[in-house]
Amino acid sequence: QVQLVESGGGSVQAGGSLRLSCTASGDTYSGNCMGWFRQAPGKEREGVAAIYTGGGRTYYADSVKGRFTISQDNYKNTVYLQMNSLKPEDTAMYYCAARSLSCGSNWYSVGRMGYWGKGTLVTISS
């Protein structure tokens, strides 16, 4: 079992920045795919970014490329999501997710992630 705990959400104005953190505990392995997903009210959960902790390869949704950066600190078992130039449409509950495999081309698939955090709310005002 892997436990994931997110932190760092909050409310900022458009154009601002936030950094989300996800700390993993339990049966963690170096070769995990860890990702950030988000779900806005009335919408489906979608993949935002992912990182393969075994080699550092990163993946991004087109909507956040150039604005969000996912990174890792393996010593702390923590993955970060630096979010810059935030837009009102980035408002959502953000979830950390993980699976004990590489990410692959379908990293954004909700159903392929085996572990989920409880989420942290991000609200962007215009």
# chains A, B, ... in the order shown; residues from 1 in each chain; ligands from 1
call {"tool": "select_by_dssp", "arguments": {"residues": "region 5-115 of chain A", "states": "helix (DSSP H, G or I)", "output": "MDAnalysis selection string"}}
result
chainID A and resid 88:90 110:112
call {"tool": "residues_around", "arguments": {"residues": "region 103-109 of chain A", "least_positions_apart": "6", "cutoff": "9 Å", "atoms": "only C-alpha atoms", "output": "list of chain:residue names"}}
result
A:Asn32, A:Cys33, A:Met34, A:Gly35, A:Trp36, A:Phe37, A:Glu46, A:Gly47, A:Val48, A:Ala49, A:Ala50, A:Ile51, A:Tyr52, A:Arg57, A:Thr58, A:Tyr59, A:Tyr60, A:Ala61
call {"tool": "residues_around", "arguments": {"residues": "Gln3 (chain A)", "least_positions_apart": "4", "cutoff": "10 Å", "atoms": "only C-alpha atoms", "output": "number ranges by chain"}}
result
A: 22-28, 97-98, 115-118
call {"tool": "write_last_selection", "arguments": {"atoms": "all heavy atoms", "output": "PDB file, in the first residue's frame"}}
result
ATOM      1  N   CYS A  22       3.266  16.473  -2.834  1.00  0.00           N
ATOM      2  CA  CYS A  22       2.663  15.162  -2.591  1.00  0.00           C
ATOM      3  C   CYS A  22       3.736  14.278  -1.976  1.00  0.00           C
ATOM      4  O   CYS A  22       4.733  13.979  -2.634  1.00  0.00           O
ATOM      5  CB  CYS A  22       2.151  14.564  -3.881  1.00  0.00           C
ATOM      6  SG  CYS A  22       1.606  12.837  -3.718  1.00  0.00           S
ATOM      7  N   THR A  23       3.502  13.863  -0.753  1.00  0.00           N
ATOM      8  CA  THR A  23       4.455  13.000  -0.068  1.00  0.00           C
ATOM      9  C   THR A  23       3.902  11.587   0.016  1.00  0.00           C
ATOM     10  O   THR A  23       2.759  11.389   0.450  1.00  0.00           O
ATOM     11  CB  THR A  23       4.764  13.528   1.340  1.00  0.00           C
ATOM     12  OG1 THR A  23       5.327  14.832   1.224  1.00  0.00           O
ATOM     13  CG2 THR A  23       5.747  12.620   2.059  1.00  0.00           C
ATOM     14  N   ALA A  24       4.722  10.645  -0.404  1.00  0.00           N
ATOM     15  CA  ALA A  24       4.320   9.239  -0.414  1.00  0.00           C
ATOM     16  C   ALA A  24       4.935   8.499   0.766  1.00  0.00           C
ATOM     17  O   ALA A  24       6.076   8.753   1.152  1.00  0.00           O
ATOM     18  CB  ALA A  24       4.762   8.592  -1.717  1.00  0.00           C
ATOM     19  N   SER A  25       4.165   7.590   1.329  1.00  0.00           N
ATOM     20  CA  SER A  25       4.669   6.741   2.404  1.00  0.00           C
ATOM     21  C   SER A  25       4.105   5.342   2.210  1.00  0.00           C
ATOM     22  O   SER A  25       3.191   5.125   1.417  1.00  0.00           O
ATOM     23  CB  SER A  25       4.270   7.292   3.773  1.00  0.00           C
ATOM     24  OG  SER A  25       2.864   7.358   3.897  1.00  0.00           O
ATOM     25  N   GLY A  26       4.670   4.400   2.939  1.00  0.00           N
ATOM     26  CA  GLY A  26       4.220   3.024   2.791  1.00  0.00           C
ATOM     27  C   GLY A  26       5.156   2.261   1.881  1.00  0.00           C
ATOM     28  O   GLY A  26       6.370   2.426   1.926  1.00  0.00           O
ATOM     29  N   ASP A  27       4.598   1.446   1.018  1.00  0.00           N
ATOM     30  CA  ASP A  27       5.411   0.606   0.137  1.00  0.00           C
ATOM     31  C   ASP A  27       5.821   1.381  -1.118  1.00  0.00           C
ATOM     32  O   ASP A  27       5.373   1.084  -2.221  1.00  0.00           O
ATOM     33  CB  ASP A  27       4.627  -0.644  -0.263  1.00  0.00           C
ATOM     34  CG  ASP A  27       4.357  -1.529   0.928  1.00  0.00           C
ATOM     35  OD1 ASP A  27       5.162  -1.497   1.885  1.00  0.00           O
ATOM     36  OD2 ASP A  27       3.347  -2.258   0.915  1.00  0.00           O
ATOM     37  N   THR A  28       6.673   2.369  -0.925  1.00  0.00           N
ATOM     38  CA  THR A  28       7.111   3.172  -2.065  1.00  0.00           C
ATOM     39  C   THR A  28       8.292   2.503  -2.752  1.00  0.00           C
ATOM     40  O   THR A  28       9.112   1.853  -2.128  1.00  0.00           O
ATOM     41  CB  THR A  28       7.508   4.582  -1.616  1.00  0.00           C
ATOM     42  OG1 THR A  28       8.537   4.479  -0.632  1.00  0.00           O
ATOM     43  CG2 THR A  28       6.321   5.299  -1.000  1.00  0.00           C
ATOM     44  N   ALA A  97      -1.543  11.072  -7.522  1.00  0.00           N
ATOM     45  CA  ALA A  97      -1.816   9.668  -7.793  1.00  0.00           C
ATOM     46  C   ALA A  97      -0.513   8.951  -8.102  1.00  0.00           C
ATOM     47  O   ALA A  97       0.468   9.579  -8.515  1.00  0.00           O
ATOM     48  CB  ALA A  97      -2.791   9.521  -8.950  1.00  0.00           C
ATOM     49  N   ALA A  98      -0.517   7.648  -7.922  1.00  0.00           N
ATOM     50  CA  ALA A  98       0.693   6.874  -8.172  1.00  0.00           C
ATOM     51  C   ALA A  98       0.355   5.466  -8.622  1.00  0.00           C
ATOM     52  O   ALA A  98      -0.740   4.951  -8.356  1.00  0.00           O
ATOM     53  CB  ALA A  98       1.547   6.814  -6.903  1.00  0.00           C
ATOM     54  N   TYR A 115      -3.164   4.395  -6.698  1.00  0.00           N
ATOM     55  CA  TYR A 115      -3.235   5.043  -5.393  1.00  0.00           C
ATOM     56  C   TYR A 115      -3.558   6.517  -5.574  1.00  0.00           C
ATOM     57  O   TYR A 115      -3.054   7.152  -6.516  1.00  0.00           O
ATOM     58  CB  TYR A 115      -1.911   4.888  -4.642  1.00  0.00           C
ATOM     59  CG  TYR A 115      -1.459   3.459  -4.508  1.00  0.00           C
ATOM     60  CD1 TYR A 115      -0.531   2.917  -5.393  1.00  0.00           C
ATOM     61  CD2 TYR A 115      -1.974   2.647  -3.509  1.00  0.00           C
ATOM     62  CE1 TYR A 115      -0.132   1.599  -5.288  1.00  0.00           C
ATOM     63  CE2 TYR A 115      -1.571   1.317  -3.393  1.00  0.00           C
ATOM     64  CZ  TYR A 115      -0.653   0.807  -4.283  1.00  0.00           C
ATOM     65  OH  TYR A 115      -0.261  -0.495  -4.170  1.00  0.00           O
ATOM     66  N   TRP A 116      -4.367   7.032  -4.665  1.00  0.00           N
ATOM     67  CA  TRP A 116      -4.809   8.418  -4.760  1.00  0.00           C
ATOM     68  C   TRP A 116      -4.736   9.099  -3.403  1.00  0.00           C
ATOM     69  O   TRP A 116      -4.994   8.480  -2.363  1.00  0.00           O
ATOM     70  CB  TRP A 116      -6.260   8.482  -5.246  1.00  0.00           C
ATOM     71  CG  TRP A 116      -6.420   8.046  -6.658  1.00  0.00           C
ATOM     72  CD1 TRP A 116      -6.610   6.769  -7.118  1.00  0.00           C
ATOM     73  CD2 TRP A 116      -6.364   8.881  -7.812  1.00  0.00           C
ATOM     74  NE1 TRP A 116      -6.687   6.777  -8.484  1.00  0.00           N
ATOM     75  CE2 TRP A 116      -6.543   8.059  -8.952  1.00  0.00           C
ATOM     76  CE3 TRP A 116      -6.195  10.256  -8.012  1.00  0.00           C
ATOM     77  CZ2 TRP A 116      -6.553   8.557 -10.251  1.00  0.00           C
ATOM     78  CZ3 TRP A 116      -6.208  10.745  -9.304  1.00  0.00           C
ATOM     79  CH2 TRP A 116      -6.385   9.907 -10.403  1.00  0.00           C
ATOM     80  N   GLY A 117      -4.388  10.384  -3.448  1.00  0.00           N
ATOM     81  CA  GLY A 117      -4.515  11.196  -2.253  1.00  0.00           C
ATOM     82  C   GLY A 117      -5.923  11.743  -2.147  1.00  0.00           C
ATOM     83  O   GLY A 117      -6.770  11.503  -3.014  1.00  0.00           O
ATOM     84  N   LYS A 118      -6.175  12.506  -1.085  1.00  0.00           N
ATOM     85  CA  LYS A 118      -7.516  13.039  -0.856  1.00  0.00           C
ATOM     86  C   LYS A 118      -7.763  14.353  -1.579  1.00  0.00           C
ATOM     87  O   LYS A 118      -8.903  14.809  -1.662  1.00  0.00           O
ATOM     88  CB  LYS A 118      -7.749  13.210   0.641  1.00  0.00           C
ATOM     89  CG  LYS A 118      -7.790  11.881   1.390  1.00  0.00           C
ATOM     90  CD  LYS A 118      -8.089  12.084   2.863  1.00  0.00           C
ATOM     91  CE  LYS A 118      -8.176  10.739   3.581  1.00  0.00           C
ATOM     92  NZ  LYS A 118      -8.481  10.901   5.024  1.00  0.00           N
TER      93      LYS A 118
END
call {"tool": "select_by_dssp", "arguments": {"residues": "chain A", "states": "strand (DSSP E or B)", "output": "PyMOL selection string"}}
result
chain A and resi 2-7+10-13+18-26+33-39+46-52+58-60+68-73+78-83+92-99+115-116+120-125
call {"tool": "closest_residue", "arguments": {"among": "A:Tyr75, A:Tyr80, A:Phe68, A:Tyr94", "to": "Pro41 (chain A)", "atoms": "only C-alpha atoms"}}
result
A:Tyr94
call {"tool": "closest_residue", "arguments": {"among": "A:Gly56, A:Gly119, A:Gly114, A:Gly66", "to": "Ala92 (chain A)", "atoms": "only C-alpha atoms"}}
result
A:Gly119
call {"tool": "closest_residue", "arguments": {"among": "A:Arg19, A:Lys43, A:Arg99, A:Arg112", "to": "Arg67 (chain A)", "atoms": "only C-alpha atoms"}}
result
A:Arg19
call {"tool": "decode", "arguments": {"residues": "region 89-100 of chain A", "atoms": "all heavy atoms", "output": "PDB file, in the first residue's frame"}}
result
ATOM      1  N   GLU A  89      -9.433  28.977 -15.170  1.00  0.00           N
ATOM      2  CA  GLU A  89      -9.784  27.617 -15.591  1.00  0.00           C
ATOM      3  C   GLU A  89      -8.909  26.546 -14.951  1.00  0.00           C
ATOM      4  O   GLU A  89      -9.171  25.354 -15.120  1.00  0.00           O
ATOM      5  CB  GLU A  89      -9.745  27.477 -17.119  1.00  0.00           C
ATOM      6  CG  GLU A  89      -8.475  27.959 -17.760  1.00  0.00           C
ATOM      7  CD  GLU A  89      -8.593  29.381 -18.290  1.00  0.00           C
ATOM      8  OE1 GLU A  89      -9.164  30.255 -17.579  1.00  0.00           O
ATOM      9  OE2 GLU A  89      -8.110  29.633 -19.412  1.00  0.00           O
ATOM     10  N   ASP A  90      -7.895  26.941 -14.217  1.00  0.00           N
ATOM     11  CA  ASP A  90      -7.092  25.975 -13.453  1.00  0.00           C
ATOM     12  C   ASP A  90      -7.752  25.637 -12.118  1.00  0.00           C
ATOM     13  O   ASP A  90      -7.279  24.749 -11.399  1.00  0.00           O
ATOM     14  CB  ASP A  90      -5.694  26.518 -13.187  1.00  0.00           C
ATOM     15  CG  ASP A  90      -4.874  26.681 -14.452  1.00  0.00           C
ATOM     16  OD1 ASP A  90      -4.933  25.773 -15.314  1.00  0.00           O
ATOM     17  OD2 ASP A  90      -4.184  27.699 -14.584  1.00  0.00           O
ATOM     18  N   THR A  91      -8.819  26.331 -11.791  1.00  0.00           N
ATOM     19  CA  THR A  91      -9.523  26.067 -10.544  1.00  0.00           C
ATOM     20  C   THR A  91     -10.062  24.648 -10.516  1.00  0.00           C
ATOM     21  O   THR A  91     -10.776  24.226 -11.430  1.00  0.00           O
ATOM     22  CB  THR A  91     -10.683  27.060 -10.363  1.00  0.00           C
ATOM     23  OG1 THR A  91     -10.151  28.378 -10.207  1.00  0.00           O
ATOM     24  CG2 THR A  91     -11.529  26.705  -9.144  1.00  0.00           C
ATOM     25  N   ALA A  92      -9.694  23.903  -9.497  1.00  0.00           N
ATOM     26  CA  ALA A  92     -10.104  22.497  -9.395  1.00  0.00           C
ATOM     27  C   ALA A  92      -9.580  21.909  -8.092  1.00  0.00           C
ATOM     28  O   ALA A  92      -8.747  22.515  -7.413  1.00  0.00           O
ATOM     29  CB  ALA A  92      -9.549  21.684 -10.570  1.00  0.00           C
ATOM     30  N   MET A  93     -10.058  20.729  -7.789  1.00  0.00           N
ATOM     31  CA  MET A  93      -9.426  19.912  -6.751  1.00  0.00           C
ATOM     32  C   MET A  93      -8.284  19.167  -7.425  1.00  0.00           C
ATOM     33  O   MET A  93      -8.503  18.521  -8.460  1.00  0.00           O
ATOM     34  CB  MET A  93     -10.425  18.937  -6.149  1.00  0.00           C
ATOM     35  CG  MET A  93      -9.860  18.138  -4.990  1.00  0.00           C
ATOM     36  SD  MET A  93      -9.646  19.154  -3.518  1.00  0.00           S
ATOM     37  CE  MET A  93     -11.337  19.192  -2.927  1.00  0.00           C
ATOM     38  N   TYR A  94      -7.110  19.251  -6.860  1.00  0.00           N
ATOM     39  CA  TYR A  94      -5.937  18.607  -7.418  1.00  0.00           C
ATOM     40  C   TYR A  94      -5.602  17.369  -6.588  1.00  0.00           C
ATOM     41  O   TYR A  94      -5.482  17.446  -5.361  1.00  0.00           O
ATOM     42  CB  TYR A  94      -4.756  19.569  -7.449  1.00  0.00           C
ATOM     43  CG  TYR A  94      -4.842  20.554  -8.586  1.00  0.00           C
ATOM     44  CD1 TYR A  94      -5.794  21.571  -8.578  1.00  0.00           C
ATOM     45  CD2 TYR A  94      -3.982  20.468  -9.682  1.00  0.00           C
ATOM     46  CE1 TYR A  94      -5.903  22.469  -9.630  1.00  0.00           C
ATOM     47  CE2 TYR A  94      -4.080  21.368 -10.734  1.00  0.00           C
ATOM     48  CZ  TYR A  94      -5.039  22.365 -10.705  1.00  0.00           C
ATOM     49  OH  TYR A  94      -5.138  23.258 -11.749  1.00  0.00           O
ATOM     50  N   TYR A  95      -5.425  16.259  -7.300  1.00  0.00           N
ATOM     51  CA  TYR A  95      -5.143  14.989  -6.658  1.00  0.00           C
ATOM     52  C   TYR A  95      -3.781  14.464  -7.079  1.00  0.00           C
ATOM     53  O   TYR A  95      -3.414  14.539  -8.253  1.00  0.00           O
ATOM     54  CB  TYR A  95      -6.184  13.943  -7.046  1.00  0.00           C
ATOM     55  CG  TYR A  95      -7.588  14.276  -6.622  1.00  0.00           C
ATOM     56  CD1 TYR A  95      -8.436  14.989  -7.453  1.00  0.00           C
ATOM     57  CD2 TYR A  95      -8.071  13.867  -5.382  1.00  0.00           C
ATOM     58  CE1 TYR A  95      -9.728  15.291  -7.078  1.00  0.00           C
ATOM     59  CE2 TYR A  95      -9.368  14.161  -4.990  1.00  0.00           C
ATOM     60  CZ  TYR A  95     -10.184  14.880  -5.846  1.00  0.00           C
ATOM     61  OH  TYR A  95     -11.467  15.170  -5.456  1.00  0.00           O
ATOM     62  N   CYS A  96      -3.076  13.915  -6.123  1.00  0.00           N
ATOM     63  CA  CYS A  96      -1.847  13.189  -6.404  1.00  0.00           C
ATOM     64  C   CYS A  96      -2.205  11.719  -6.589  1.00  0.00           C
ATOM     65  O   CYS A  96      -3.083  11.190  -5.887  1.00  0.00           O
ATOM     66  CB  CYS A  96      -0.884  13.352  -5.239  1.00  0.00           C
ATOM     67  SG  CYS A  96       0.677  12.489  -5.437  1.00  0.00           S
ATOM     68  N   ALA A  97      -1.543  11.072  -7.522  1.00  0.00           N
ATOM     69  CA  ALA A  97      -1.816   9.668  -7.793  1.00  0.00           C
ATOM     70  C   ALA A  97      -0.513   8.951  -8.102  1.00  0.00           C
ATOM     71  O   ALA A  97       0.468   9.579  -8.515  1.00  0.00           O
ATOM     72  CB  ALA A  97      -2.791   9.521  -8.950  1.00  0.00           C
ATOM     73  N   ALA A  98      -0.517   7.648  -7.922  1.00  0.00           N
ATOM     74  CA  ALA A  98       0.693   6.874  -8.172  1.00  0.00           C
ATOM     75  C   ALA A  98       0.355   5.466  -8.622  1.00  0.00           C
ATOM     76  O   ALA A  98      -0.740   4.951  -8.356  1.00  0.00           O
ATOM     77  CB  ALA A  98       1.547   6.814  -6.903  1.00  0.00           C
ATOM     78  N   ARG A  99       1.294   4.861  -9.297  1.00  0.00           N
ATOM     79  CA  ARG A  99       1.202   3.440  -9.626  1.00  0.00           C
ATOM     80  C   ARG A  99       2.620   2.896  -9.704  1.00  0.00           C
ATOM     81  O   ARG A  99       3.571   3.629  -9.987  1.00  0.00           O
ATOM     82  CB  ARG A  99       0.479   3.215 -10.938  1.00  0.00           C
ATOM     83  CG  ARG A  99       1.194   3.744 -12.148  1.00  0.00           C
ATOM     84  CD  ARG A  99       0.449   3.388 -13.396  1.00  0.00           C
ATOM     85  NE  ARG A  99       1.209   3.686 -14.608  1.00  0.00           N
ATOM     86  CZ  ARG A  99       0.808   3.393 -15.811  1.00  0.00           C
ATOM     87  NH1 ARG A  99      -0.337   2.787 -15.977  1.00  0.00           N
ATOM     88  NH2 ARG A  99       1.543   3.692 -16.857  1.00  0.00           N
ATOM     89  N   SER A 100       2.754   1.605  -9.469  1.00  0.00           N
ATOM     90  CA  SER A 100       4.080   0.991  -9.390  1.00  0.00           C
ATOM     91  C   SER A 100       4.553   0.514 -10.751  1.00  0.00           C
ATOM     92  O   SER A 100       4.973  -0.628 -10.919  1.00  0.00           O
ATOM     93  CB  SER A 100       4.056  -0.171  -8.392  1.00  0.00           C
ATOM     94  OG  SER A 100       3.693   0.293  -7.122  1.00  0.00           O
TER      95      SER A 100
END
